[in-house]
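Some notes on the structure that comes next.
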Amino acid sequence: MHYNEAHTEGSSLQRTPSRRAMLATLVSVCAGFLMASTAMAAPPKPAKPVATEIRIGAIVPESWPNAAQGQDIRNGMTLALKVWPGYPVPTLEVKDSACNPHRAALAAQSLIEAKADIVLGGWCVVGSVPVLLKNASVLFVSSNAERYAADGSVQFARLNANVADGIAARLRTEAGLRVTANSVCWIDFEPRVSDKYDAALCPVLSVDKARWYDVAPAYTAAFNKPFTISAARGYAAMEIALAYVTRLRAGAKPAAAWADAQNVNTVLGRLPARDAVAPAEAMQLVFGAKLPKLAPREAGAFDQMVKAKTCGCKPGATCAQNTWSTLPFVVEGIAGSCAQPVLTSSR
């Protein structure tokens, strides 16, 4: 009988769930609802960071004509990357142009194929680089001293190309000076006027002195050499690129980020407006060691030019106003004072 009762009870357990089984089922169902509710209430996962991997290309005249200045350009870019607070730091890929238009074009094409997001260049040679990059939708920053026609690129130059040639021709015709506008001015304003010429006319860039003195100590500490205008050109171009990256990663659309980047203050100052008038100091006229003897008419024109271009026109100064006054150049070395050099006539 006991066996039958037990057997009957066992059969009943198989047919009707126990309290323990019912409780386990209830707990399982509640846990499922809780997980589903939590999943519905959880905030969406953050979107993948915008443009976390940026490739910056640079076309630099490293092998010719002056490897030291080419290295300064690279050092300037490298320092700007090192002191930039963002992370991860963009990848920098440098190509050598050797100051050759064909090699510069090949370098640009190589950077396009490497998927560079932005390219820095315009040192010593420009050639077809701006057009190639524009057609590939790659951003371009140039710290060349002469402005060239290239829509969409960022340029530090304050002077349109060929302006120097026109003024040099006038100096030759009216003042009798053998002036070159392109044979000694490359990358930097450090010309060495050969005996073939009396002077050189060199386009130059502006410098933000306060920023210069901020950056110079770090550059000297990092590379054990003085901060040069070549290094400043590399540094300033990289500042524009990094400003773009910063705004892009902050969520700005590419076009807005590019526009904002062009408003930053670099070691070379702010970018000039594309339609800005060239300032008086956009070029410097550098004389050689010895000037020629000039005919009276030429000597008179030279005297007028010097009086208009060597006076700093400070408050209270009397500066000559003549046909040379509006041309965008000053005489190197004495542009800040009214002291005039003396040129004797041949007669």
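By convention here, the chains of the structure tokens are called A, B, ... in the order presented, each chain's residues are numbered starting at 1, and ligands are numbered starting at 1 in the order presented.
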
Contacts between stretch 100-121 of chain A and stretch 144-214 of chain A, please, where a residue of stretch 144-214 of chain A counts if it comes within 10 Å (with only C-alpha atoms); show its shortest atom pair and distance in Å to one decimal, rows by chain and ascending number, as JSON lines.
```
{"residue": "A:Asn144", "atom": "CA", "partner": "A:Gly121", "partner_atom": "CA", "distance": 7.7}
{"residue": "A:Ser153", "atom": "CA", "partner": "A:Val119", "partner_atom": "CA", "distance": 9.9}
{"residue": "A:Val154", "atom": "CA", "partner": "A:Leu120", "partner_atom": "CA", "distance": 9.5}
{"residue": "A:Gln155", "atom": "CA", "partner": "A:Gly121", "partner_atom": "CA", "distance": 9.9}
```

Those same residues, written as an mmCIF file, in the first residue's frame with N, CA and C atoms?
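Listed below is the output, again19.cif:
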```cif
data_model
loop_
_atom_site.group_PDB
_atom_site.id
_atom_site.type_symbol
_atom_site.label_atom_id
_atom_site.label_comp_id
_atom_site.auth_asym_id
_atom_site.auth_seq_id
_atom_site.Cartn_x
_atom_site.Cartn_y
_atom_site.Cartn_z
ATOM 1 N N ASN A 144 54.328 78.689 -50.391
ATOM 2 C CA ASN A 144 55.160 79.334 -51.399
ATOM 3 C C ASN A 144 54.996 80.846 -51.263
ATOM 4 N N SER A 153 42.847 75.606 -53.026
ATOM 5 C CA SER A 153 44.059 75.416 -52.231
ATOM 6 C C SER A 153 44.227 76.562 -51.242
ATOM 7 N N VAL A 154 45.001 76.312 -50.213
ATOM 8 C CA VAL A 154 45.302 77.319 -49.198
ATOM 9 C C VAL A 154 46.714 77.831 -49.452
ATOM 10 N N GLN A 155 46.885 79.144 -49.537
ATOM 11 C CA GLN A 155 48.178 79.722 -49.861
ATOM 12 C C GLN A 155 48.539 80.855 -48.892
#
```

Item to complete: Going by DSSP on the backbone, which bits of stretch 33-248 of chain A are helix (DSSP H, G or I)? Write them as a ChimeraX atom specification, please.
Response: /A:33-41,67-83,101-113,129-135,163-175,209-223,229-248

Output file for the residues above (C-alpha atoms, as a compact mmCIF listing (two decimals), in the first residue's frame):
```
# COMPACT_ATOMS: atom_id res chain seq x y z
CA PHE A 33 11.58 40.90 -19.35
CA LEU A 34 14.22 42.76 -17.32
CA MET A 35 16.92 42.13 -19.92
CA ALA A 36 14.64 43.21 -22.74
CA SER A 37 13.67 46.36 -20.85
CA THR A 38 17.30 47.21 -20.11
CA ALA A 39 18.26 46.72 -23.75
CA MET A 40 15.47 49.04 -24.85
CA ALA A 41 16.44 51.73 -22.35
CA ALA A 67 69.31 69.79 -48.46
CA ALA A 68 69.70 71.73 -45.22
CA GLN A 69 66.72 73.95 -45.93
CA GLY A 70 64.71 70.95 -47.10
CA GLN A 71 65.47 69.29 -43.78
CA ASP A 72 64.36 72.43 -41.94
CA ILE A 73 60.99 72.23 -43.69
CA ARG A 74 60.60 68.60 -42.61
CA ASN A 75 61.69 69.47 -39.06
CA GLY A 76 59.11 72.24 -38.88
CA MET A 77 56.31 69.87 -39.87
CA THR A 78 57.57 67.22 -37.45
CA LEU A 79 57.68 69.66 -34.53
CA ALA A 80 54.11 70.83 -35.20
CA LEU A 81 52.98 67.19 -35.07
CA LYS A 82 54.88 66.56 -31.83
CA VAL A 83 53.38 69.48 -29.93
CA PRO A 101 58.27 70.12 -61.62
CA HIS A 102 58.17 66.60 -63.10
CA ARG A 103 59.32 64.97 -59.87
CA ALA A 104 56.88 67.10 -57.90
CA ALA A 105 54.04 65.84 -60.10
CA LEU A 106 55.14 62.23 -59.61
CA ALA A 107 55.28 62.84 -55.86
CA ALA A 108 51.76 64.26 -55.90
CA GLN A 109 50.45 61.27 -57.84
CA SER A 110 52.15 58.91 -55.38
CA LEU A 111 50.48 60.65 -52.45
CA ILE A 112 47.12 60.51 -54.18
CA GLU A 113 47.52 56.76 -54.64
CA VAL A 129 50.74 69.74 -58.31
CA PRO A 130 47.72 71.94 -57.39
CA VAL A 131 45.74 70.75 -60.42
CA LEU A 132 46.52 67.08 -59.80
CA LEU A 133 45.45 67.31 -56.17
CA LYS A 134 42.31 69.28 -56.96
CA ASN A 135 41.22 66.72 -59.55
CA VAL A 163 54.54 90.49 -60.42
CA ALA A 164 58.22 90.28 -59.46
CA ASP A 165 59.22 89.81 -63.09
CA GLY A 166 57.35 92.96 -64.12
CA ILE A 167 58.98 95.12 -61.43
CA ALA A 168 62.41 93.66 -62.19
CA ALA A 169 61.95 94.61 -65.85
CA ARG A 170 61.05 98.16 -64.85
CA LEU A 171 64.12 98.43 -62.61
CA ARG A 172 66.28 97.31 -65.51
CA THR A 173 64.68 99.70 -67.99
CA GLU A 174 64.33 102.83 -65.87
CA ALA A 175 67.04 102.51 -63.22
CA LYS A 209 56.77 87.61 -34.17
CA ALA A 210 54.99 86.55 -30.99
CA ARG A 211 54.32 83.05 -32.35
CA TRP A 212 57.84 82.88 -33.75
CA TYR A 213 59.35 83.47 -30.30
CA ASP A 214 57.00 80.87 -28.84
CA VAL A 215 57.99 78.17 -31.32
CA ALA A 216 61.70 78.95 -31.75
CA PRO A 217 62.90 77.63 -28.32
CA ALA A 218 61.08 74.31 -28.81
CA TYR A 219 62.56 73.94 -32.28
CA THR A 220 66.09 74.65 -31.06
CA ALA A 221 65.67 72.21 -28.18
CA ALA A 222 64.34 69.48 -30.45
CA PHE A 223 66.82 69.81 -33.33
CA ILE A 229 62.02 80.68 -42.16
CA SER A 230 62.15 77.28 -43.90
CA ALA A 231 61.24 75.56 -40.65
CA ALA A 232 58.51 78.16 -40.10
CA ARG A 233 57.01 77.40 -43.51
CA GLY A 234 56.82 73.72 -42.72
CA TYR A 235 55.44 74.43 -39.24
CA ALA A 236 52.79 76.89 -40.48
CA ALA A 237 51.57 74.60 -43.26
CA MET A 238 51.21 71.78 -40.74
CA GLU A 239 49.31 74.10 -38.38
CA ILE A 240 46.64 74.54 -41.05
CA ALA A 241 46.46 70.79 -41.66
CA LEU A 242 46.14 70.00 -37.96
CA ALA A 243 43.49 72.68 -37.46
CA TYR A 244 41.48 70.90 -40.15
CA VAL A 245 41.95 67.53 -38.46
CA THR A 246 40.95 68.96 -35.07
CA ARG A 247 37.68 70.35 -36.39
CA LEU A 248 36.97 67.24 -38.41
```

Fill in: d(atom CA of A:Met283, atom CA of A:Asn182) in Å
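Separation between atom CA of A:Met283 and atom CA of A:Asn182: 12.0 Å.
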
Write out as a tab-separated table the residues of stretch 89-154 of chain A that have any atom within 10 Å of an atom of stretch 257-262 of chain A, one row each with the nearest atom pair and its distance in Å to one decimal, counting only C-alpha atoms, sorted by chain and then rising number.
```
residue	atom	partner	partner_atom	distance
A:Leu139	CA	A:Trp258	CA	8.6
A:Val141	CA	A:Gln262	CA	9.9
A:Gly152	CA	A:Trp258	CA	9.8
A:Val154	CA	A:Gln262	CA	7.4
```

Worksheet item: Nearest to A:Pro254 among A:Met305, A:Ala280, A:Val138, A:Cys202, with distances taken over only C-alpha atoms: which residue is it?
Response: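 Closest to A:Pro254 of all the choices is A:Val138.
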
Fill in: Pick from A:Leu285, A:Thr326, A:Ser142, A:Ser194 nearest to A:Ala181, counting only C-alpha atoms
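The closest residue to A:Ala181 is A:Leu285.
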
Worksheet item: Could you write out, as a PyMOL selection string, all the residues of stretch 94-335 of chain A that DSSP marks as strand (DSSP E)?
Response: chain A and resi 94-96+118-121+139-142+154-155+179-180+199-203+283-287+330-331

Discussion item. So that I can check the surroundings of A:Gly288, please list as a PyMOL selection string every protein, DNA and RNA residue that reaches within 12 Å of it, counting only C-alpha atoms and ignoring chain neighbours fewer than 5 positions away.
Written reply: chain A and resi 177-180+184+191-201+331-332
